[in-house]
$ cat data-v4.pdb   # PDB, C-alpha atoms, pLDDT in the B column
ATOM      1  CA  MET I   1      27.162  22.090  -4.937  1.00 75.00           C
ATOM      2  CA  ILE I   2      25.796  24.361  -2.221  1.00 82.00           C
ATOM      3  CA  GLY I   3      23.193  25.671  -4.637  1.00 82.00           C
ATOM      4  CA  PHE I   4      22.327  22.164  -5.753  1.00 89.00           C
ATOM      5  CA  TRP I   5      21.859  20.810  -2.223  1.00 90.00           C
ATOM      6  CA  THR I   6      19.865  23.868  -1.151  1.00 90.00           C
ATOM      7  CA  LEU I   7      17.508  23.585  -4.100  1.00 90.00           C
ATOM      8  CA  PHE I   8      17.218  19.829  -3.692  1.00 92.00           C
ATOM      9  CA  HIS I   9      16.428  20.254   0.021  1.00 93.00           C
ATOM     10  CA  LYS I  10      13.777  22.858  -0.811  1.00 92.00           C
ATOM     11  CA  GLU I  11      12.119  20.544  -3.325  1.00 92.00           C
ATOM     12  CA  MET I  12      12.145  17.621  -0.883  1.00 93.00           C
ATOM     13  CA  LEU I  13      10.602  19.728   1.891  1.00 92.00           C
ATOM     14  CA  ARG I  14       8.003  21.060  -0.534  1.00 90.00           C
ATOM     15  CA  PHE I  15       6.320  17.710  -1.094  1.00 90.00           C
ATOM     16  CA  TRP I  16       7.143  16.163   2.281  1.00 90.00           C
ATOM     17  CA  LYS I  17       5.353  18.896   4.244  1.00 89.00           C
ATOM     18  CA  VAL I  18       2.117  17.851   2.524  1.00 87.00           C
ATOM     19  CA  GLY I  19       2.957  14.148   2.450  1.00 83.00           C
ATOM     20  CA  PHE I  20      -0.623  13.149   3.210  1.00 84.00           C
ATOM     21  CA  GLN I  21      -1.584  14.557  -0.192  1.00 86.00           C
ATOM     22  CA  THR I  22       1.588  13.922  -2.213  1.00 87.00           C
ATOM     23  CA  VAL I  23       2.350  10.398  -0.946  1.00 89.00           C
ATOM     24  CA  GLY I  24      -0.730   9.123   0.875  1.00 90.00           C
ATOM     25  CA  ALA I  25      -3.301   9.984  -1.815  1.00 90.00           C
ATOM     26  CA  PRO I  26      -1.520   8.096  -4.641  1.00 90.00           C
ATOM     27  CA  VAL I  27      -1.230   5.027  -2.409  1.00 91.00           C
ATOM     28  CA  LEU I  28      -4.974   5.126  -1.777  1.00 91.00           C
ATOM     29  CA  THR I  29      -5.667   5.526  -5.510  1.00 89.00           C
ATOM     30  CA  ALA I  30      -3.551   2.476  -6.321  1.00 89.00           C
ATOM     31  CA  LEU I  31      -5.339   0.455  -3.645  1.00 88.00           C
ATOM     32  CA  LEU I  32      -8.706   1.358  -5.159  1.00 87.00           C
ATOM     33  CA  TYR I  33      -7.517   0.227  -8.603  1.00 86.00           C
ATOM     34  CA  LEU I  34      -6.290  -3.032  -7.121  1.00 85.00           C
ATOM     35  CA  MET I  35      -9.436  -3.734  -5.122  1.00 82.00           C
ATOM     36  CA  ILE I  36     -11.748  -3.046  -8.068  1.00 80.00           C
ATOM     37  CA  PHE I  37      -9.836  -4.773 -10.855  1.00 77.00           C
ATOM     38  CA  GLY I  38      -8.431  -7.509  -8.648  1.00 74.00           C
ATOM     39  CA  HIS I  39     -11.791  -8.400  -7.157  1.00 70.00           C
ATOM     40  CA  VAL I  40     -13.458  -8.590 -10.558  1.00 72.00           C
ATOM     41  CA  LEU I  41     -10.752 -10.337 -12.572  1.00 69.00           C
ATOM     42  CA  ASP I  42      -8.529 -12.274 -10.187  1.00 66.00           C
ATOM     43  CA  GLN I  43     -10.528 -15.498 -10.427  1.00 68.00           C
ATOM     44  CA  HIS I  44     -10.937 -15.292 -14.197  1.00 65.00           C
ATOM     45  CA  VAL I  45      -7.672 -13.961 -15.642  1.00 68.00           C
ATOM     46  CA  GLN I  46      -4.091 -15.150 -15.589  1.00 69.00           C
ATOM     47  CA  VAL I  47      -1.195 -13.407 -17.358  1.00 73.00           C
ATOM     48  CA  HIS I  48       2.110 -15.192 -17.952  1.00 73.00           C
ATOM     49  CA  GLY I  49       0.889 -17.858 -15.546  1.00 76.00           C
ATOM     50  CA  LEU I  50       0.461 -15.272 -12.774  1.00 80.00           C
ATOM     51  CA  ARG I  51      -2.624 -14.395 -10.767  1.00 83.00           C
ATOM     52  CA  TYR I  52      -4.073 -11.154 -12.064  1.00 82.00           C
ATOM     53  CA  THR I  53      -3.490  -9.261  -8.806  1.00 85.00           C
ATOM     54  CA  SER I  54       0.163 -10.332  -8.789  1.00 85.00           C
ATOM     55  CA  PHE I  55       0.534  -9.183 -12.397  1.00 87.00           C
ATOM     56  CA  LEU I  56      -1.237  -5.896 -11.649  1.00 88.00           C
ATOM     57  CA  VAL I  57       0.730  -4.732  -8.604  1.00 90.00           C
ATOM     58  CA  PRO I  58       4.089  -3.922 -10.311  1.00 92.00           C
ATOM     59  CA  GLY I  59       2.242  -1.972 -13.004  1.00 91.00           C
ATOM     60  CA  LEU I  60       0.374   0.077 -10.407  1.00 92.00           C
ATOM     61  CA  VAL I  61       3.586   0.747  -8.485  1.00 94.00           C
ATOM     62  CA  MET I  62       5.389   1.974 -11.588  1.00 95.00           C
ATOM     63  CA  MET I  63       2.423   3.995 -12.844  1.00 94.00           C
ATOM     64  CA  GLN I  64       2.178   5.896  -9.572  1.00 94.00           C
ATOM     65  CA  MET I  65       5.929   6.466  -9.481  1.00 95.00           C
ATOM     66  CA  LEU I  66       5.932   7.969 -12.965  1.00 95.00           C
ATOM     67  CA  GLN I  67       2.865  10.143 -12.491  1.00 94.00           C
ATOM     68  CA  ASN I  68       4.085  11.529  -9.172  1.00 94.00           C
ATOM     69  CA  ALA I  69       7.611  12.198 -10.423  1.00 95.00           C
ATOM     70  CA  PHE I  70       6.064  14.216 -13.250  1.00 96.00           C
ATOM     71  CA  ALA I  71       3.680  16.005 -10.891  1.00 94.00           C
ATOM     72  CA  ASN I  72       6.454  17.021  -8.500  1.00 94.00           C
ATOM     73  CA  SER I  73       8.709  18.896 -10.902  1.00 94.00           C
ATOM     74  CA  SER I  74       5.928  20.295 -13.084  1.00 94.00           C
ATOM     75  CA  SER I  75       3.825  21.650 -10.220  1.00 93.00           C
ATOM     76  CA  SER I  76       6.859  23.144  -8.489  1.00 93.00           C
ATOM     77  CA  LEU I  77       7.898  25.118 -11.561  1.00 93.00           C
ATOM     78  CA  ILE I  78       4.434  26.334 -12.500  1.00 93.00           C
ATOM     79  CA  GLN I  79       3.717  27.469  -8.935  1.00 91.00           C
ATOM     80  CA  ALA I  80       7.030  29.294  -8.756  1.00 91.00           C
ATOM     81  CA  LYS I  81       6.345  31.034 -12.077  1.00 91.00           C
ATOM     82  CA  ILE I  82       2.792  32.069 -11.192  1.00 90.00           C
ATOM     83  CA  THR I  83       3.673  33.342  -7.686  1.00 88.00           C
ATOM     84  CA  GLY I  84       6.855  35.028  -8.900  1.00 86.00           C
ATOM     85  CA  SER I  85       9.068  33.107  -6.478  1.00 86.00           C
ATOM     86  CA  ILE I  86      11.034  31.659  -9.419  1.00 87.00           C
ATOM     87  CA  ILE I  87      13.127  34.828  -9.279  1.00 86.00           C
ATOM     88  CA  PHE I  88      14.662  33.665  -5.987  1.00 85.00           C
ATOM     89  CA  VAL I  89      15.867  30.501  -7.715  1.00 85.00           C
ATOM     90  CA  LEU I  90      17.157  32.252 -10.836  1.00 83.00           C
ATOM     91  CA  LEU I  91      19.039  35.094  -9.110  1.00 84.00           C
ATOM     92  CA  PRO I  92      21.645  32.979  -7.254  1.00 83.00           C
ATOM     93  CA  PRO I  93      24.530  31.722  -9.423  1.00 83.00           C
ATOM     94  CA  ILE I  94      23.234  28.144  -9.601  1.00 85.00           C
ATOM     95  CA  PRO I  95      24.390  26.374 -12.789  1.00 90.00           C
ATOM     96  CA  TYR I  96      21.532  25.171 -14.945  1.00 91.00           C
ATOM     97  CA  VAL I  97      22.883  21.606 -14.660  1.00 93.00           C
ATOM     98  CA  ALA I  98      22.560  21.799 -10.854  1.00 93.00           C
ATOM     99  CA  PHE I  99      19.064  23.282 -11.280  1.00 94.00           C
ATOM    100  CA  PHE I 100      18.119  20.342 -13.494  1.00 95.00           C
ATOM    101  CA  ALA I 101      19.663  17.724 -11.195  1.00 95.00           C
ATOM    102  CA  ALA I 102      17.977  19.074  -8.052  1.00 95.00           C
ATOM    103  CA  TYR I 103      14.502  19.075  -9.579  1.00 96.00           C
ATOM    104  CA  VAL I 104      14.877  15.681 -11.233  1.00 96.00           C
ATOM    105  CA  LEU I 105      16.340  13.974  -8.157  1.00 96.00           C
ATOM    106  CA  ALA I 106      13.613  15.382  -5.908  1.00 96.00           C
ATOM    107  CA  ALA I 107      10.949  14.235  -8.375  1.00 96.00           C
ATOM    108  CA  THR I 108      12.533  10.770  -8.499  1.00 96.00           C
ATOM    109  CA  ALA I 109      12.650  10.643  -4.704  1.00 96.00           C
ATOM    110  CA  ARG I 110       8.940  11.441  -4.467  1.00 95.00           C
ATOM    111  CA  GLY I 111       8.183   8.791  -7.075  1.00 95.00           C
ATOM    112  CA  LEU I 112      10.201   6.189  -5.168  1.00 95.00           C
ATOM    113  CA  LEU I 113       8.492   7.041  -1.874  1.00 95.00           C
ATOM    114  CA  VAL I 114       5.080   6.690  -3.496  1.00 95.00           C
ATOM    115  CA  GLY I 115       6.150   3.431  -5.145  1.00 94.00           C
ATOM    116  CA  ILE I 116       7.379   1.974  -1.865  1.00 94.00           C
ATOM    117  CA  GLY I 117       4.133   3.020  -0.192  1.00 93.00           C
ATOM    118  CA  VAL I 118       2.027   1.395  -2.919  1.00 92.00           C
ATOM    119  CA  LEU I 119       4.123  -1.770  -2.784  1.00 92.00           C
ATOM    120  CA  LEU I 120       3.825  -2.094   1.006  1.00 91.00           C
ATOM    121  CA  ALA I 121       0.090  -1.398   0.917  1.00 88.00           C
ATOM    122  CA  THR I 122      -0.571  -4.003  -1.769  1.00 86.00           C
ATOM    123  CA  LEU I 123       1.478  -6.825  -0.259  1.00 82.00           C
ATOM    124  CA  TRP I 124      -1.694  -7.951   1.538  1.00 80.00           C
ATOM    125  CA  PHE I 125      -3.478  -8.532  -1.754  1.00 80.00           C
ATOM    126  CA  ALA I 126      -0.915 -10.244  -3.976  1.00 79.00           C
ATOM    127  CA  GLU I 127       1.845 -12.814  -3.915  1.00 78.00           C
ATOM    128  CA  LEU I 128       5.007 -11.138  -5.126  1.00 82.00           C
ATOM    129  CA  ARG I 129       8.572 -12.231  -5.627  1.00 83.00           C
ATOM    130  CA  ILE I 130      11.606 -10.270  -6.749  1.00 88.00           C
ATOM    131  CA  ALA I 131      13.423 -12.259  -9.405  1.00 88.00           C
ATOM    132  CA  GLU I 132      15.726  -9.496 -10.719  1.00 92.00           C
ATOM    133  CA  PRO I 133      16.109  -6.713  -8.118  1.00 93.00           C
ATOM    134  CA  LEU I 134      18.740  -4.778 -10.088  1.00 95.00           C
ATOM    135  CA  TRP I 135      16.512  -4.585 -13.156  1.00 95.00           C
ATOM    136  CA  MET I 136      13.622  -3.464 -10.973  1.00 95.00           C
ATOM    137  CA  LEU I 137      15.679  -0.722  -9.318  1.00 96.00           C
ATOM    138  CA  ALA I 138      17.173   0.441 -12.614  1.00 96.00           C
ATOM    139  CA  PHE I 139      13.793   0.872 -14.294  1.00 97.00           C
ATOM    140  CA  ALA I 140      12.397   2.633 -11.214  1.00 96.00           C
ATOM    141  CA  LEU I 141      15.256   5.158 -11.121  1.00 97.00           C
ATOM    142  CA  LEU I 142      15.400   5.768 -14.868  1.00 96.00           C
ATOM    143  CA  GLY I 143      11.624   6.003 -15.212  1.00 96.00           C
ATOM    144  CA  GLY I 144      11.350   8.469 -12.326  1.00 95.00           C
ATOM    145  CA  SER I 145      14.196  10.569 -13.746  1.00 97.00           C
ATOM    146  CA  LEU I 146      12.640  10.594 -17.212  1.00 97.00           C
ATOM    147  CA  PHE I 147       9.265  11.758 -15.948  1.00 97.00           C
ATOM    148  CA  GLY I 148      10.889  14.250 -13.580  1.00 96.00           C
ATOM    149  CA  ALA I 149      12.663  15.814 -16.570  1.00 96.00           C
ATOM    150  CA  LEU I 150       9.467  15.679 -18.628  1.00 96.00           C
ATOM    151  CA  GLY I 151       7.689  17.450 -15.781  1.00 95.00           C
ATOM    152  CA  MET I 152      10.258  20.234 -15.953  1.00 96.00           C
ATOM    153  CA  ILE I 153       9.511  20.705 -19.655  1.00 96.00           C
ATOM    154  CA  ALA I 154       5.794  20.882 -18.893  1.00 95.00           C
ATOM    155  CA  GLY I 155       6.374  23.356 -16.050  1.00 93.00           C
ATOM    156  CA  ILE I 156       8.623  25.560 -18.184  1.00 93.00           C
ATOM    157  CA  TRP I 157       6.220  25.541 -21.129  1.00 93.00           C
ATOM    158  CA  SER I 158       3.020  26.090 -19.140  1.00 90.00           C
ATOM    159  CA  GLU I 159       2.012  29.619 -18.228  1.00 89.00           C
ATOM    160  CA  LYS I 160      -1.063  28.670 -16.215  1.00 89.00           C
ATOM    161  CA  PHE I 161      -2.459  25.619 -14.445  1.00 90.00           C
ATOM    162  CA  ASP I 162      -4.902  24.889 -17.270  1.00 90.00           C
ATOM    163  CA  GLN I 163      -2.050  24.308 -19.694  1.00 91.00           C
ATOM    164  CA  LEU I 164      -0.261  22.030 -17.247  1.00 91.00           C
ATOM    165  CA  ALA I 165      -3.477  20.072 -16.654  1.00 91.00           C
ATOM    166  CA  GLY I 166      -3.868  19.660 -20.419  1.00 91.00           C
ATOM    167  CA  PHE I 167      -0.303  18.347 -20.686  1.00 90.00           C
ATOM    168  CA  GLN I 168      -1.008  15.832 -17.943  1.00 90.00           C
ATOM    169  CA  ASN I 169      -4.486  14.786 -19.071  1.00 90.00           C
ATOM    170  CA  PHE I 170      -3.789  14.491 -22.794  1.00 92.00           C
ATOM    171  CA  LEU I 171      -0.229  13.147 -22.745  1.00 91.00           C
ATOM    172  CA  ILE I 172       0.887  11.688 -19.421  1.00 91.00           C
ATOM    173  CA  MET I 173      -2.373   9.986 -18.469  1.00 90.00           C
ATOM    174  CA  PRO I 174      -2.936   8.234 -21.834  1.00 90.00           C
ATOM    175  CA  LEU I 175       0.700   7.124 -22.019  1.00 90.00           C
ATOM    176  CA  THR I 176       0.560   5.518 -18.575  1.00 89.00           C
ATOM    177  CA  MET I 177      -2.940   4.055 -18.783  1.00 87.00           C
ATOM    178  CA  LEU I 178      -2.289   2.506 -22.227  1.00 87.00           C
ATOM    179  CA  SER I 179       1.113   1.063 -21.366  1.00 89.00           C
ATOM    180  CA  GLY I 180       0.215  -2.431 -20.175  1.00 87.00           C
ATOM    181  CA  VAL I 181      -0.412  -1.597 -16.528  1.00 89.00           C
ATOM    182  CA  PHE I 182      -3.689  -3.527 -16.506  1.00 87.00           C
ATOM    183  CA  TYR I 183      -3.040  -6.052 -19.276  1.00 87.00           C
ATOM    184  CA  SER I 184      -0.424  -7.775 -21.402  1.00 86.00           C
ATOM    185  CA  ILE I 185      -0.194  -6.083 -24.779  1.00 86.00           C
ATOM    186  CA  TYR I 186      -0.383  -9.514 -26.438  1.00 85.00           C
ATOM    187  CA  THR I 187      -4.031  -9.749 -25.406  1.00 84.00           C
ATOM    188  CA  LEU I 188      -4.707  -6.841 -27.784  1.00 85.00           C
ATOM    189  CA  PRO I 189      -5.456  -7.036 -31.520  1.00 89.00           C
ATOM    190  CA  LEU I 190      -2.331  -7.025 -33.686  1.00 89.00           C
ATOM    191  CA  PHE I 191      -2.699  -3.362 -34.681  1.00 90.00           C
ATOM    192  CA  TRP I 192      -2.809  -2.173 -31.070  1.00 86.00           C
ATOM    193  CA  GLN I 193       0.106  -4.423 -30.180  1.00 88.00           C
ATOM    194  CA  GLN I 194       2.169  -2.563 -32.763  1.00 89.00           C
ATOM    195  CA  VAL I 195       0.947   0.800 -31.495  1.00 89.00           C
ATOM    196  CA  SER I 196       1.897  -0.148 -27.927  1.00 89.00           C
ATOM    197  CA  HIS I 197       5.491  -0.687 -29.002  1.00 90.00           C
ATOM    198  CA  TYR I 198       5.709   3.031 -29.823  1.00 93.00           C
ATOM    199  CA  ASN I 199       4.738   3.955 -26.259  1.00 93.00           C
ATOM    200  CA  PRO I 200       7.920   4.401 -24.188  1.00 94.00           C
ATOM    201  CA  VAL I 201       5.998   3.943 -20.940  1.00 95.00           C
ATOM    202  CA  PHE I 202       5.196   0.381 -22.015  1.00 95.00           C
ATOM    203  CA  TYR I 203       8.899  -0.439 -21.806  1.00 96.00           C
ATOM    204  CA  MET I 204       9.179   1.098 -18.327  1.00 96.00           C
ATOM    205  CA  ILE I 205       6.207  -0.871 -17.017  1.00 95.00           C
ATOM    206  CA  ASP I 206       7.272  -4.087 -18.734  1.00 94.00           C
ATOM    207  CA  GLY I 207      10.882  -3.830 -17.614  1.00 95.00           C
ATOM    208  CA  PHE I 208       9.878  -3.049 -14.036  1.00 95.00           C
ATOM    209  CA  ARG I 209       7.525  -6.034 -14.012  1.00 93.00           C
ATOM    210  CA  TYR I 210      10.369  -8.203 -15.320  1.00 94.00           C
ATOM    211  CA  GLY I 211      12.296  -7.309 -12.165  1.00 94.00           C
ATOM    212  CA  PHE I 212       9.568  -8.963 -10.092  1.00 92.00           C
ATOM    213  CA  PHE I 213       8.737 -12.102 -12.044  1.00 90.00           C
ATOM    214  CA  GLY I 214      11.478 -12.597 -14.624  1.00 90.00           C
ATOM    215  CA  VAL I 215       8.889 -12.576 -17.439  1.00 88.00           C
ATOM    216  CA  SER I 216       7.997  -9.737 -19.793  1.00 88.00           C
ATOM    217  CA  ASP I 217       6.360  -8.899 -23.095  1.00 89.00           C
ATOM    218  CA  ALA I 218       9.591  -7.399 -24.474  1.00 91.00           C
ATOM    219  CA  PRO I 219      13.239  -8.324 -23.825  1.00 94.00           C
ATOM    220  CA  PRO I 220      14.456  -6.302 -20.815  1.00 94.00           C
ATOM    221  CA  GLU I 221      17.559  -5.225 -22.739  1.00 96.00           C
ATOM    222  CA  THR I 222      15.347  -3.658 -25.404  1.00 95.00           C
ATOM    223  CA  SER I 223      13.232  -1.940 -22.758  1.00 95.00           C
ATOM    224  CA  MET I 224      16.330  -0.562 -21.047  1.00 97.00           C
ATOM    225  CA  ALA I 225      17.711   0.774 -24.334  1.00 97.00           C
ATOM    226  CA  VAL I 226      14.417   2.555 -25.127  1.00 96.00           C
ATOM    227  CA  VAL I 227      14.165   4.101 -21.657  1.00 97.00           C
ATOM    228  CA  LEU I 228      17.786   5.268 -21.715  1.00 97.00           C
ATOM    229  CA  ALA I 229      17.376   6.803 -25.164  1.00 97.00           C
ATOM    230  CA  CYS I 230      14.211   8.652 -24.088  1.00 96.00           C
ATOM    231  CA  LEU I 231      15.921   9.888 -20.911  1.00 97.00           C
ATOM    232  CA  VAL I 232      18.860  11.273 -22.880  1.00 97.00           C
ATOM    233  CA  VAL I 233      16.608  13.051 -25.395  1.00 97.00           C
ATOM    234  CA  VAL I 234      14.313  14.582 -22.761  1.00 97.00           C
ATOM    235  CA  SER I 235      17.268  15.606 -20.571  1.00 97.00           C
ATOM    236  CA  VAL I 236      19.026  17.338 -23.479  1.00 97.00           C
ATOM    237  CA  ILE I 237      15.842  19.263 -24.340  1.00 96.00           C
ATOM    238  CA  THR I 238      15.323  20.277 -20.711  1.00 96.00           C
ATOM    239  CA  LEU I 239      18.922  21.427 -20.260  1.00 95.00           C
ATOM    240  CA  ARG I 240      18.685  23.445 -23.465  1.00 95.00           C
ATOM    241  CA  LEU I 241      15.530  25.194 -22.249  1.00 93.00           C
ATOM    242  CA  LEU I 242      17.136  25.954 -18.890  1.00 92.00           C
ATOM    243  CA  ARG I 243      20.285  27.328 -20.516  1.00 91.00           C
ATOM    244  CA  GLN I 244      18.198  29.623 -22.726  1.00 89.00           C
ATOM    245  CA  GLY I 245      15.925  30.622 -19.844  1.00 85.00           C
ATOM    246  CA  TRP I 246      12.909  30.137 -22.100  1.00 85.00           C
ATOM    247  CA  LYS I 247       9.724  31.292 -20.341  1.00 84.00           C
ATOM    248  CA  LEU I 248      11.694  31.557 -17.093  1.00 83.00           C
ATOM    249  CA  ARG I 249      13.632  34.799 -17.547  1.00 73.00           C
ATOM    250  CA  THR I 250      11.270  36.340 -20.094  1.00 60.00           C
TER     251      THR I 250
END
$ encode --input "data-v4.pdb" --output "structure tokens"
Amino acid sequence: MIGFWTLFHKEMLRFWKVGFQTVGAPVLTALLYLMIFGHVLDQHVQVHGLRYTSFLVPGLVMMQMLQNAFANSSSSLIQAKITGSIIFVLLPPIPYVAFFAAYVLAATARGLLVGIGVLLATLWFAELRIAEPLWMLAFALLGGSLFGALGMIAGIWSEKFDQLAGFQNFLIMPLTMLSGVFYSIYTLPLFWQQVSHYNPVFYMIDGFRYGFFGVSDAPPETSMAVVLACLVVVSVITLRLLRQGWKLRT
């Protein structure tokens, strides 16, 4: 536990010391999305009987949480590998499960801080209510953990920043942008509706939005089952890579 808390504390300090960049910048990005899309569409579009800005805010909050949870663990590992400081983490007798938990919890914490910041900043622009707070919290925690673990896989696999950027630009960004953040999937043609159901991020966004308004495109139980299944699969893969020391000890 000493190793776990030490590593967790290190990861928390790592992003908090540059909080203006790691927390403040994502909040500003979400505000820009809201101002542009909300200003253009708020008077013309309603989704599930909601004003467009109200519909948009939970999606922006969740999108920023997921992207920043991924960025935290992935950037930490790739920086440690490139600078050689990863050796100081691998030498102490820290169990790989504690290694995994420290990185994932720190990534989730950064995601939650960013999400809270986005939510507070956007309260001025939208009317929000919290219909199902437990559902909202559950999807926030599970989504952040899933993307924190996925970020570890990306950081372990990547050998240089270009590879990590490719992982983020060609996988994480499309998954989040095409997940229903800016629209209901039922406004899409039938083919793309079916495709959207194969995107796990759709279920995270939709379930999180259900926590606010009590309405969703998919049953929240289905969304929770998909997110839990993805979290288990990604966690097992990550733990296996850590146990083998793949691209960390070799």
$ closest_atom_pairs --input "data-v4.pdb" --of "region 214-245 of chain I" --to "region 179-187 of chain I" --cutoff "10 Å" --atoms "all atoms listed in the file" --output "Markdown table"
| residue | atom | partner | partner_atom | distance |
| --- | --- | --- | --- | --- |
| I:Ser216 | CA | I:Ser184 | CA | 8.8 |
| I:Asp217 | CA | I:Ser184 | CA | 7.1 |
| I:Ala218 | CA | I:Ile185 | CA | 9.9 |
$ closest_residue --input "data-v4.pdb" --among "I:Arg209, I:Arg240, I:Lys160, I:Arg110" --to "Met12 (chain I)" --atoms "all atoms listed in the file"
I:Arg110
$ atom_distance --input "data-v4.pdb" --atom1 "CA of Met62 (chain I)" --atom2 "CA of Leu242 (chain I)"
27.7 Å
$ closest_residue --input "data-v4.pdb" --among "I:Val215, I:Met224, I:Met35, I:Ile153" --to "Ser73 (chain I)" --atoms "only C-alpha atoms"
I:Ile153
$ closest_residue --input "data-v4.pdb" --among "I:Ala106, I:Leu241, I:Cys230, I:Ile205" --to "Ser76 (chain I)" --atoms "only C-alpha atoms"
I:Ala106
$ closest_atom_pairs --input "data-v4.pdb" --of "region 124-239 of chain I" --to "region 66-71 of chain I" --cutoff "9 Å" --atoms "all atoms listed in the file" --output "CSV"
residue,atom,partner,partner_atom,distance
I:Ala140,CA,I:Leu66,CA,8.6
I:Gly143,CA,I:Leu66,CA,6.4
I:Gly144,CA,I:Leu66,CA,5.5
I:Ser145,CA,I:Ala69,CA,7.6
I:Leu146,CA,I:Leu66,CA,8.4
I:Phe147,CA,I:Phe70,CA,4.9
I:Gly148,CA,I:Phe70,CA,4.8
I:Ala149,CA,I:Phe70,CA,7.6
I:Leu150,CA,I:Phe70,CA,6.5
I:Gly151,CA,I:Phe70,CA,4.4
I:Met152,CA,I:Phe70,CA,7.8
I:Ala154,CA,I:Phe70,CA,8.7
I:Gln168,CA,I:Ala71,CA,8.5
I:Ile172,CA,I:Gln67,CA,7.4
I:Met173,CA,I:Gln67,CA,7.9
I:Thr176,CA,I:Gln67,CA,8.0
I:Val201,CA,I:Leu66,CA,8.9
$ atom_distance --input "data-v4.pdb" --atom1 "CA of Ser75 (chain I)" --atom2 "CA of Gly155 (chain I)"
6.6 Å
$ resolve_selection --input "data-v4.pdb" --expression "the PyMOL selection byres ((chain I and resi 204) around 7)" --output "JSON, numbers by chain"
{"I": [139, 143, 200, 201, 202, 203, 205, 206, 207, 208, 223, 227]}
